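What follows is the content of query_5.tsv, which has TSV, C-alpha atoms:
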```
chain	number	residue	atom	x	y	z
K	20	MET	CA	27.02	72.79	-19.74
K	21	ALA	CA	24.25	71.13	-17.74
K	22	GLY	CA	20.69	69.87	-18.02
K	23	LEU	CA	17.35	70.81	-16.55
K	24	TYR	CA	14.65	68.22	-15.85
K	25	LEU	CA	11.08	69.20	-14.94
K	26	HIS	CA	8.75	66.55	-13.54
K	27	ILE	CA	5.09	67.18	-14.42
K	28	PRO	CA	3.28	64.69	-12.15
K	29	PHE	CA	-0.16	64.49	-13.75
K	30	CYS	CA	-1.86	61.90	-15.98
K	31	LYS	CA	-5.37	61.43	-17.34
K	32	GLN	CA	-5.38	57.85	-16.07
K	33	ALA	CA	-2.97	55.38	-14.50
K	34	CYS	CA	-1.19	52.95	-16.81
K	35	HIS	CA	-1.17	49.50	-15.25
K	36	TYR	CA	2.63	49.14	-15.44
K	37	CYS	CA	3.71	52.60	-14.23
K	38	ASP	CA	5.35	53.19	-10.86
K	39	PHE	CA	6.48	56.78	-11.49
K	40	HIS	CA	5.14	59.54	-9.25
K	41	PHE	CA	1.96	61.05	-10.71
K	42	SER	CA	-1.64	62.00	-9.88
K	43	THR	CA	-4.79	61.63	-11.95
K	44	SER	CA	-6.33	64.58	-10.12
K	45	LEU	CA	-5.49	67.76	-12.05
K	46	GLY	CA	-6.90	70.24	-9.52
K	47	LEU	CA	-3.46	71.22	-8.25
K	48	LYS	CA	-1.83	71.59	-11.67
K	49	SER	CA	-1.75	75.40	-11.91
K	50	ARG	CA	-0.44	75.73	-8.34
K	51	LEU	CA	2.22	73.12	-9.01
K	52	VAL	CA	3.39	75.07	-12.06
K	53	GLU	CA	3.67	78.14	-9.83
K	54	ALA	CA	5.73	76.05	-7.40
K	55	ILE	CA	8.09	74.87	-10.16
K	56	VAL	CA	8.60	78.49	-11.23
K	57	ARG	CA	9.37	79.42	-7.61
K	58	GLU	CA	11.68	76.41	-7.23
K	59	LEU	CA	13.64	77.62	-10.25
K	60	GLU	CA	14.30	80.84	-8.37
K	61	LEU	CA	15.16	79.11	-5.10
K	62	ARG	CA	17.60	76.67	-6.71
K	63	ARG	CA	19.11	78.75	-9.50
K	64	SER	CA	22.57	78.56	-7.87
K	65	TYR	CA	22.57	74.73	-7.67
K	66	LEU	CA	24.44	74.31	-10.96
K	67	GLY	CA	26.66	77.37	-10.56
K	68	SER	CA	26.11	80.94	-11.69
K	69	ASP	CA	27.74	80.61	-15.11
K	70	THR	CA	26.18	77.29	-16.10
K	71	VAL	CA	24.58	77.17	-19.55
K	72	LEU	CA	21.66	74.80	-20.09
K	73	GLU	CA	22.43	72.45	-22.96
K	74	THR	CA	19.27	70.37	-22.54
K	75	ILE	CA	15.80	70.86	-21.04
K	76	TYR	CA	13.52	67.88	-20.53
K	77	PHE	CA	9.85	67.88	-19.52
K	78	GLY	CA	9.06	64.42	-18.11
K	79	GLY	CA	6.31	62.90	-16.04
K	80	GLY	CA	3.61	62.07	-15.72
K	81	THR	CA	2.29	63.63	-18.87
K	82	PRO	CA	3.80	67.06	-19.66
K	83	SER	CA	1.58	67.38	-22.73
K	84	LEU	CA	-1.25	68.12	-20.27
K	85	LEU	CA	0.30	71.56	-19.66
K	86	THR	CA	-1.61	74.43	-21.23
K	87	ALA	CA	0.14	76.96	-23.47
K	88	GLU	CA	-0.03	79.49	-20.63
K	89	GLU	CA	1.52	77.07	-18.11
K	90	LEU	CA	4.29	76.09	-20.52
K	91	ASN	CA	5.11	79.71	-21.33
K	92	GLN	CA	5.12	80.53	-17.61
K	93	ILE	CA	7.80	77.88	-17.06
K	94	PHE	CA	9.90	78.89	-20.07
K	95	THR	CA	9.82	82.55	-19.04
K	96	ALA	CA	11.19	81.54	-15.63
K	97	ILE	CA	13.87	79.30	-17.16
K	98	HIS	CA	15.19	82.11	-19.35
K	99	ARG	CA	15.04	84.54	-16.43
K	100	HIS	CA	17.32	82.41	-14.27
K	101	PHE	CA	19.53	80.46	-16.68
K	102	PRO	CA	21.38	81.10	-19.92
K	103	VAL	CA	20.16	78.58	-22.49
K	104	ALA	CA	22.42	77.41	-25.31
K	105	PRO	CA	21.20	78.58	-28.75
K	106	ASP	CA	21.09	74.96	-29.95
K	107	ALA	CA	19.66	73.52	-26.72
K	108	GLU	CA	17.72	70.28	-27.04
K	109	ILE	CA	14.29	70.91	-25.50
K	110	THR	CA	12.27	67.71	-25.13
K	111	LEU	CA	8.68	67.23	-24.00
K	112	GLU	CA	7.12	63.85	-23.31
K	113	ALA	CA	3.65	63.57	-24.81
K	114	ASN	CA	0.78	61.14	-25.10
K	115	PRO	CA	-0.69	60.68	-28.59
K	116	ASP	CA	-4.21	61.72	-27.54
K	117	ASP	CA	-2.93	65.16	-26.51
K	118	LEU	CA	-1.25	65.99	-29.81
K	119	SER	CA	-3.76	67.90	-31.90
K	120	ALA	CA	-2.51	70.24	-34.64
K	121	ALA	CA	-3.28	73.21	-32.39
K	122	LYS	CA	-1.41	71.69	-29.44
K	123	LEU	CA	1.64	71.01	-31.58
K	124	GLN	CA	1.68	74.64	-32.73
K	125	GLU	CA	1.62	75.73	-29.08
K	126	LEU	CA	4.53	73.46	-28.21
K	127	ALA	CA	6.63	74.70	-31.12
K	128	ALA	CA	5.84	78.34	-30.29
K	129	ALA	CA	6.92	77.78	-26.66
K	130	GLY	CA	10.32	76.47	-27.76
K	131	VAL	CA	9.96	72.69	-27.66
K	132	ASN	CA	12.09	71.21	-30.46
K	133	ARG	CA	12.01	67.50	-29.61
K	134	LEU	CA	9.05	65.25	-28.81
K	135	SER	CA	9.09	61.94	-26.97
K	136	ILE	CA	5.75	60.31	-27.77
K	137	GLY	CA	4.56	57.39	-25.64
K	138	LEU	CA	3.00	55.09	-28.22
K	139	GLN	CA	3.86	51.80	-26.44
K	140	SER	CA	1.99	49.68	-29.02
K	141	PHE	CA	-0.04	49.78	-32.21
K	142	TYR	CA	-2.13	46.82	-31.08
K	143	GLU	CA	-5.44	47.89	-29.56
K	144	PRO	CA	-5.87	44.96	-27.11
K	145	HIS	CA	-2.41	45.61	-25.66
K	146	LEU	CA	-3.17	49.31	-25.21
K	147	ARG	CA	-6.36	48.39	-23.36
K	148	MET	CA	-4.49	45.81	-21.27
K	149	MET	CA	-1.98	48.49	-20.23
K	150	ASN	CA	-4.79	51.02	-19.64
K	151	ARG	CA	-3.37	53.55	-22.07
K	152	ALA	CA	-5.51	56.62	-22.74
K	153	HIS	CA	-5.03	56.57	-26.52
K	154	THR	CA	-6.06	54.27	-29.36
K	155	ALA	CA	-3.86	52.43	-31.86
K	156	GLU	CA	-5.04	54.80	-34.59
K	157	GLU	CA	-3.98	57.79	-32.48
K	158	SER	CA	-0.50	56.28	-32.16
K	159	THR	CA	0.10	56.74	-35.88
K	160	THR	CA	-1.89	59.95	-36.29
K	161	ALA	CA	0.02	61.75	-33.53
K	162	VAL	CA	3.39	61.17	-35.18
K	163	HIS	CA	2.10	62.28	-38.59
K	164	LEU	CA	0.59	65.43	-37.08
K	165	ALA	CA	3.88	66.22	-35.35
K	166	GLN	CA	5.81	65.75	-38.58
K	167	ASP	CA	3.33	67.96	-40.44
K	168	ALA	CA	3.80	70.61	-37.74
K	169	GLY	CA	7.54	70.70	-38.45
K	170	PHE	CA	8.80	68.43	-35.67
K	171	GLU	CA	11.57	66.35	-37.15
K	172	ASN	CA	13.33	65.36	-33.92
K	173	ILE	CA	10.83	62.79	-32.65
K	174	SER	CA	11.29	59.78	-30.39
K	175	ILE	CA	8.66	57.11	-29.82
K	176	ASP	CA	8.36	54.68	-26.92
K	177	LEU	CA	7.51	51.01	-27.40
K	178	ILE	CA	6.98	48.22	-24.86
K	179	TYR	CA	7.86	44.59	-25.59
K	180	GLY	CA	7.46	41.44	-23.53
K	181	VAL	CA	3.69	41.95	-23.22
K	182	PRO	CA	2.06	38.53	-22.66
K	183	ALA	CA	0.84	37.15	-25.99
K	184	PRO	CA	0.45	33.75	-27.71
K	185	GLY	CA	3.34	34.48	-30.06
K	186	HIS	CA	5.65	37.17	-31.45
K	187	HIS	CA	3.57	38.37	-34.40
K	188	ILE	CA	2.16	41.37	-32.47
K	189	TRP	CA	5.63	42.61	-31.55
K	190	GLU	CA	6.79	42.02	-35.11
K	191	ALA	CA	3.89	44.16	-36.39
K	192	ASP	CA	4.59	46.86	-33.78
K	193	LEU	CA	8.16	47.13	-35.04
K	194	ALA	CA	7.03	47.30	-38.67
K	195	ASN	CA	4.56	50.07	-37.83
K	196	ALA	CA	7.26	51.97	-35.96
K	197	PHE	CA	9.71	51.82	-38.86
K	198	ALA	CA	6.99	53.00	-41.25
K	199	LEU	CA	6.80	56.27	-39.31
K	200	GLY	CA	10.40	57.14	-40.15
K	201	VAL	CA	11.25	58.73	-36.80
K	202	PRO	CA	14.95	59.20	-35.92
K	203	HIS	CA	14.74	57.77	-32.38
K	204	VAL	CA	13.04	54.81	-30.70
K	205	SER	CA	13.08	53.84	-27.01
K	206	ALA	CA	11.99	50.26	-26.35
K	207	TYR	CA	11.48	48.86	-22.87
K	208	ALA	CA	10.63	45.41	-21.58
K	209	LEU	CA	7.38	45.29	-19.64
K	210	THR	CA	8.34	45.07	-15.98
K	211	ILE	CA	5.86	44.27	-13.24
K	212	GLU	CA	6.52	46.63	-10.34
K	213	PRO	CA	5.07	46.24	-6.83
K	214	GLY	CA	2.31	48.74	-6.16
K	215	THR	CA	1.17	48.96	-9.79
K	216	ALA	CA	-2.09	47.49	-11.08
K	217	PHE	CA	-0.14	44.71	-12.80
K	218	GLY	CA	1.80	44.12	-9.58
K	219	HIS	CA	-1.39	43.72	-7.56
K	220	ARG	CA	-2.93	41.42	-10.17
K	221	LEU	CA	0.24	39.32	-10.31
K	222	GLN	CA	0.07	38.91	-6.54
K	223	LYS	CA	-3.57	37.84	-6.74
K	224	GLY	CA	-2.86	35.42	-9.56
K	225	THR	CA	-5.06	37.25	-12.10
K	226	PHE	CA	-2.13	38.36	-14.28
K	227	LYS	CA	0.73	36.28	-15.60
K	228	ALA	CA	3.93	37.90	-16.84
K	229	ALA	CA	5.56	36.66	-20.02
K	230	PRO	CA	8.34	34.07	-19.46
K	231	ASP	CA	11.93	35.33	-19.48
K	232	GLU	CA	12.63	33.37	-22.67
K	233	PHE	CA	9.72	35.09	-24.43
K	234	VAL	CA	11.01	38.53	-23.41
K	235	ALA	CA	14.57	37.64	-24.42
K	236	THR	CA	13.42	36.54	-27.88
K	237	GLN	CA	11.58	39.83	-28.39
K	238	PHE	CA	14.69	41.75	-27.32
K	239	GLU	CA	16.71	39.82	-29.90
K	240	MET	CA	14.05	40.55	-32.53
K	241	LEU	CA	14.30	44.23	-31.59
K	242	LEU	CA	18.09	44.32	-32.02
K	243	ALA	CA	17.98	42.56	-35.38
K	244	ALA	CA	15.18	44.76	-36.74
K	245	MET	CA	16.81	48.01	-35.57
K	246	ARG	CA	20.11	47.03	-37.12
K	247	ALA	CA	18.42	46.06	-40.39
K	248	HIS	CA	16.69	49.46	-40.57
K	249	GLY	CA	19.84	51.47	-39.93
K	250	TYR	CA	19.32	52.33	-36.27
K	251	VAL	CA	22.23	52.39	-33.82
K	252	GLN	CA	21.76	50.95	-30.34
K	253	TYR	CA	23.59	53.60	-28.34
K	254	GLU	CA	22.11	52.46	-24.99
K	255	ILE	CA	20.40	49.20	-24.08
K	256	SER	CA	16.87	50.59	-24.50
K	257	ASN	CA	17.58	53.41	-26.98
K	258	PHE	CA	18.05	53.35	-30.74
K	259	CYS	CA	18.58	56.15	-33.22
K	260	ARG	CA	19.63	57.08	-36.69
K	261	PRO	CA	23.37	57.86	-36.66
K	262	GLY	CA	23.98	61.11	-34.80
K	263	ARG	CA	20.45	61.40	-33.41
K	264	GLU	CA	21.01	60.38	-29.81
K	265	SER	CA	19.03	62.01	-27.00
K	266	ARG	CA	21.54	64.56	-25.73
K	267	HIS	CA	19.72	64.90	-22.40
K	268	ASN	CA	19.68	61.19	-21.58
K	269	GLY	CA	23.20	60.80	-22.93
K	270	ASN	CA	24.37	63.40	-20.42
K	271	TYR	CA	22.81	61.37	-17.60
K	272	TRP	CA	24.87	58.35	-18.63
K	273	ARG	CA	28.03	60.48	-18.87
K	274	GLY	CA	27.56	61.98	-15.41
K	275	VAL	CA	26.89	65.56	-16.54
K	276	PRO	CA	25.28	67.66	-13.73
K	277	TYR	CA	21.58	68.45	-13.92
K	278	LEU	CA	18.89	70.15	-11.86
K	279	GLY	CA	15.58	68.38	-11.37
K	280	LEU	CA	12.47	70.39	-10.53
K	281	GLY	CA	9.09	69.23	-9.22
K	282	PRO	CA	7.98	66.48	-6.84
K	283	SER	CA	10.04	63.25	-7.08
K	284	ALA	CA	12.68	64.88	-9.33
K	285	HIS	CA	16.35	64.01	-8.85
K	286	SER	CA	19.30	66.40	-9.16
K	287	TYR	CA	23.03	65.78	-9.50
K	288	ASP	CA	25.82	68.34	-9.05
K	289	GLY	CA	28.69	66.08	-10.10
K	290	GLN	CA	29.36	64.86	-6.56
K	291	ASN	CA	26.06	64.21	-4.76
K	292	ARG	CA	22.39	63.66	-5.50
K	293	GLN	CA	19.22	65.28	-4.23
K	294	PHE	CA	15.71	63.82	-4.27
K	295	THR	CA	12.59	65.97	-4.06
K	296	LEU	CA	9.64	64.82	-1.97
K	297	PRO	CA	7.20	62.76	-4.14
K	298	ASN	CA	4.04	64.38	-2.78
K	299	ASN	CA	2.24	67.08	-4.77
K	300	PRO	CA	0.34	68.92	-1.97
K	301	GLN	CA	3.31	68.85	0.42
K	302	TYR	CA	5.70	70.00	-2.32
K	303	VAL	CA	3.43	72.92	-3.27
K	304	ALA	CA	2.94	73.95	0.35
K	305	ALA	CA	6.67	73.82	1.13
K	306	VAL	CA	7.72	75.83	-1.93
K	307	LEU	CA	4.91	78.41	-2.13
K	308	GLU	CA	4.07	78.90	1.54
K	309	ARG	CA	7.45	78.47	3.23
K	310	GLY	CA	9.90	79.16	0.42
K	311	GLU	CA	11.56	75.77	1.00
K	312	VAL	CA	12.29	72.93	-1.42
K	313	PRO	CA	11.68	69.57	0.32
K	314	VAL	CA	14.78	67.70	-0.81
K	315	THR	CA	16.82	64.88	0.66
K	316	MET	CA	20.58	64.84	0.07
K	317	ASP	CA	22.27	61.58	-0.90
K	318	ILE	CA	25.99	61.94	-0.19
K	319	LEU	CA	27.80	59.75	-2.70
K	320	THR	CA	30.88	57.93	-1.48
K	321	ALA	CA	33.80	57.15	-3.76
K	322	THR	CA	32.40	53.62	-4.04
K	323	ASP	CA	28.98	54.98	-5.00
K	324	ARG	CA	30.46	57.15	-7.75
K	325	ALA	CA	32.53	54.27	-9.12
K	326	ASN	CA	29.53	51.94	-9.17
K	327	GLU	CA	27.30	54.57	-10.79
K	328	TYR	CA	29.88	55.08	-13.53
K	329	LEU	CA	30.05	51.33	-14.09
K	330	LEU	CA	26.25	51.01	-14.11
K	331	THR	CA	25.55	53.83	-16.56
K	332	THR	CA	28.44	53.33	-18.99
K	333	LEU	CA	27.94	49.57	-19.34
K	334	ARG	CA	24.46	50.29	-20.70
K	335	THR	CA	25.90	52.36	-23.55
K	336	ALA	CA	27.59	51.53	-26.84
K	337	ARG	CA	30.61	53.57	-25.71
K	338	GLY	CA	31.14	51.11	-22.88
K	339	CYS	CA	32.97	51.49	-19.59
K	340	ASP	CA	36.40	53.14	-19.70
K	341	LEU	CA	38.31	50.96	-17.26
K	342	ALA	CA	41.30	53.32	-17.22
K	343	HIS	CA	39.06	56.25	-16.21
K	344	LEU	CA	37.38	54.11	-13.57
K	345	ARG	CA	40.78	53.15	-12.15
K	346	THR	CA	42.56	56.51	-12.42
K	347	HIS	CA	39.79	58.96	-11.56
K	348	LEU	CA	37.38	56.91	-9.47
K	349	GLY	CA	39.77	54.58	-7.67
K	350	PHE	CA	38.28	51.25	-8.77
K	351	ASP	CA	40.47	48.74	-10.63
K	352	VAL	CA	37.87	46.37	-12.07
K	353	GLN	CA	40.46	44.31	-13.90
K	354	ALA	CA	42.38	43.62	-10.70
K	355	ALA	CA	39.26	42.99	-8.62
K	356	HIS	CA	37.38	40.80	-11.09
K	357	ALA	CA	39.94	39.28	-13.47
K	358	PRO	CA	38.43	35.73	-13.43
K	359	TYR	CA	34.88	37.03	-13.97
K	360	LEU	CA	35.95	39.34	-16.82
K	361	ALA	CA	37.69	36.37	-18.45
K	362	GLU	CA	34.47	34.34	-18.07
K	363	LEU	CA	32.40	37.12	-19.64
K	364	GLN	CA	34.70	37.24	-22.66
K	365	ALA	CA	34.91	33.47	-23.01
K	366	ASN	CA	31.11	33.19	-23.01
K	367	GLY	CA	30.77	35.95	-25.61
K	368	TRP	CA	28.96	38.30	-23.20
K	369	ALA	CA	31.52	41.10	-23.17
K	370	ARG	CA	34.67	42.34	-24.85
K	371	ILE	CA	37.56	44.51	-23.71
K	372	GLN	CA	39.39	46.61	-26.29
K	373	ASN	CA	41.81	49.41	-25.42
K	374	GLU	CA	40.70	49.14	-21.78
K	375	VAL	CA	37.05	49.74	-22.67
K	376	LEU	CA	34.56	47.11	-21.48
K	377	THR	CA	31.42	46.72	-23.60
K	378	LEU	CA	28.62	44.18	-23.55
K	379	THR	CA	27.77	42.09	-26.60
K	380	ASP	CA	24.15	41.53	-27.71
K	381	ALA	CA	24.08	38.36	-25.61
K	382	GLY	CA	25.58	40.22	-22.66
K	383	LYS	CA	22.96	42.97	-22.83
K	384	LEU	CA	20.34	40.38	-21.90
K	385	LEU	CA	22.27	39.89	-18.66
K	386	ALA	CA	23.28	43.52	-18.12
K	387	ASP	CA	21.79	43.94	-14.64
K	388	HIS	CA	23.32	40.70	-13.37
K	389	ILE	CA	26.73	41.44	-14.89
K	390	THR	CA	26.80	44.95	-13.42
K	391	LEU	CA	25.96	43.68	-9.95
K	392	GLU	CA	28.74	41.10	-10.16
K	393	LEU	CA	31.24	43.84	-11.07
K	394	PHE	CA	30.17	46.35	-8.43
K	395	GLN	CA	32.75	47.51	-5.93
K	396	THR	CA	31.59	46.57	-2.44
K	397	GLY	CA	33.96	48.73	-0.43
K	398	PRO	CA	37.01	51.03	-0.58
K	399	GLN	CA	39.72	49.68	-2.83
K	400	ILE	CA	42.27	52.40	-3.55
```
Target encoding structure tokens, full file:
Amino acid sequence: MAGLYLHIPFCKQACHYCDFHFSTSLGLKSRLVEAIVRELELRRSYLGSDTVLETIYFGGGTPSLLTAEELNQIFTAIHRHFPVAPDAEITLEANPDDLSAAKLQELAAAGVNRLSIGLQSFYEPHLRMMNRAHTAEESTTAVHLAQDAGFENISIDLIYGVPAPGHHIWEADLANAFALGVPHVSAYALTIEPGTAFGHRLQKGTFKAAPDEFVATQFEMLLAAMRAHGYVQYEISNFCRPGRESRHNGNYWRGVPYLGLGPSAHSYDGQNRQFTLPNNPQYVAAVLERGEVPVTMDILTATDRANEYLLTTLRTARGCDLAHLRTHLGFDVQAAHAPYLAELQANGWARIQNEVLTLTDAGKLLADHITLELFQTGPQI
């Protein structure tokens, strides 16, 4: 089993926090779809000839900008080149303003069975601050329309840590999210990345990020509210009703191979990674005119693979299997970091049970720092 990721690098407008690869010029969209279809053909052997697709994920950008014809063109190519599992999870990221009743019918007819809807907030001033293309009313309406269209497997995105005088807006956002009754919620702290509109404004002194303590409090509010409403935190930023995890993202964290198509997409064959050029015109020209996919290979060392396993598994509720890390990846964390592991447990930031290291709620606030401290810096075994 493996996954397929398709990067659709187009948006109506640029959100002020986003540093993903995208373009607000849609003139090249149909040609880029042609290029993705051609890339499918060129790279169909990447995952092996007998590989069955368990998950398909349309990310971006804004995949809900694809027309019915473009979407069907891609699906026809997928089924031509890959066997797809009968129960495959097929996710499409969507913005609320794209999800009319007619659009939802098109998505269902094409084969999409899971929606990831980027709501971000139900508070109009925050949506305007982030330069989102939809309104607060559309946030709620889009989910209801999707449910009416028969989509039950729905995830919504929320952003916390947005500068505000208090926590009442975030509290209301959570209440509105729970009222929708969706089985999956992804919640991310607002991060200010260089090169984004927020990043430029921060540099100029015209934007001030929320203090770390403010963000930490909202994360703690998030954990408490999710737990109270019966959601399981199966990864630091992802919550679901029991058994409703994102299979595609879960496979990323478990190291399952996947093929990424489109400019800026990543691929992983179980040993090494590939990165596709993040430039729409150059990608289209390379694929359609020269029959080449402009990828860069990242050869992963044993240390890289061990650190990736540590990084991804520590973010999950399953935790990091220290025995697997030692036996199969050659990194004995307990031998290398015994004093630090003891400190983590003494401070209530982590626990080790049956050789599985997991972070506590308090530890999740420090996840990036803890992971860096535990990284292997060179060959060990």
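Each of K:Ala155, K:Ala206, K:Ala165, K:Ala305 was checked against Tyr179 in chain K using all atoms listed in the file; the smallest atom-to-atom distance is that of K:Ala206.
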**Q.** Residue among K:Ile178, K:Leu384, K:Ala113, K:Leu84 lying closest to Glu239 in chain K, counting only C-alpha atoms
**A.** K:Leu384
Q | Spatial neighbours of Gly281 in chain K, max dist 10 Å, only C-alpha atoms, sep filter under 6 positions, as a list of chain:residue names | A | K:Tyr24, K:Leu25, K:His26, K:Ile27, K:Pro28, K:Leu51, K:Val52, K:Ala54, K:Ile55, K:Val56, K:Glu58, K:Leu59, K:Gly79, K:Phe294, K:Thr295, K:Leu296, K:Pro297, K:Asn298, K:Asn299, K:Tyr302, K:Val303, K:Val306, K:Val312, K:Pro313
Q: Calculate how many Å separate CA of Leu134 in chain K from CA of Thr110 in chain K, rounding to one decimal.
A: 5.5 Å
**Q.** Long-range neighbours of range 135-149 of chain K as an MDAnalysis selection string, 10 Å cut-off, all atoms listed in the file, 6 positions minimum in chain
**A.** chainID K and resid 33:37 76:78 81 83 110:116 118 155:159 161:162 165 172:179 181:183 188:189 191:196 203:207 209 216:217 265
Q) So how many Å separate CA of Thr215 in chain K and CA of Asp38 in chain K, to one decimal? A) 6.0 Å
Which range 265-286 of chain K residues have any atom within 8 Å of an atom of range 328-336 of chain K, and for each, what is the nearest pair of atoms with distance in Å to one decimal, counting all atoms listed in the file, rows sorted by chain and number, as a Markdown table?
```
| residue | atom | partner | partner_atom | distance |
| --- | --- | --- | --- | --- |
| K:Trp272 | CA | K:Thr331 | CA | 5.0 |
| K:Arg273 | CA | K:Thr332 | CA | 7.2 |
| K:Gly274 | CA | K:Tyr328 | CA | 7.5 |
```
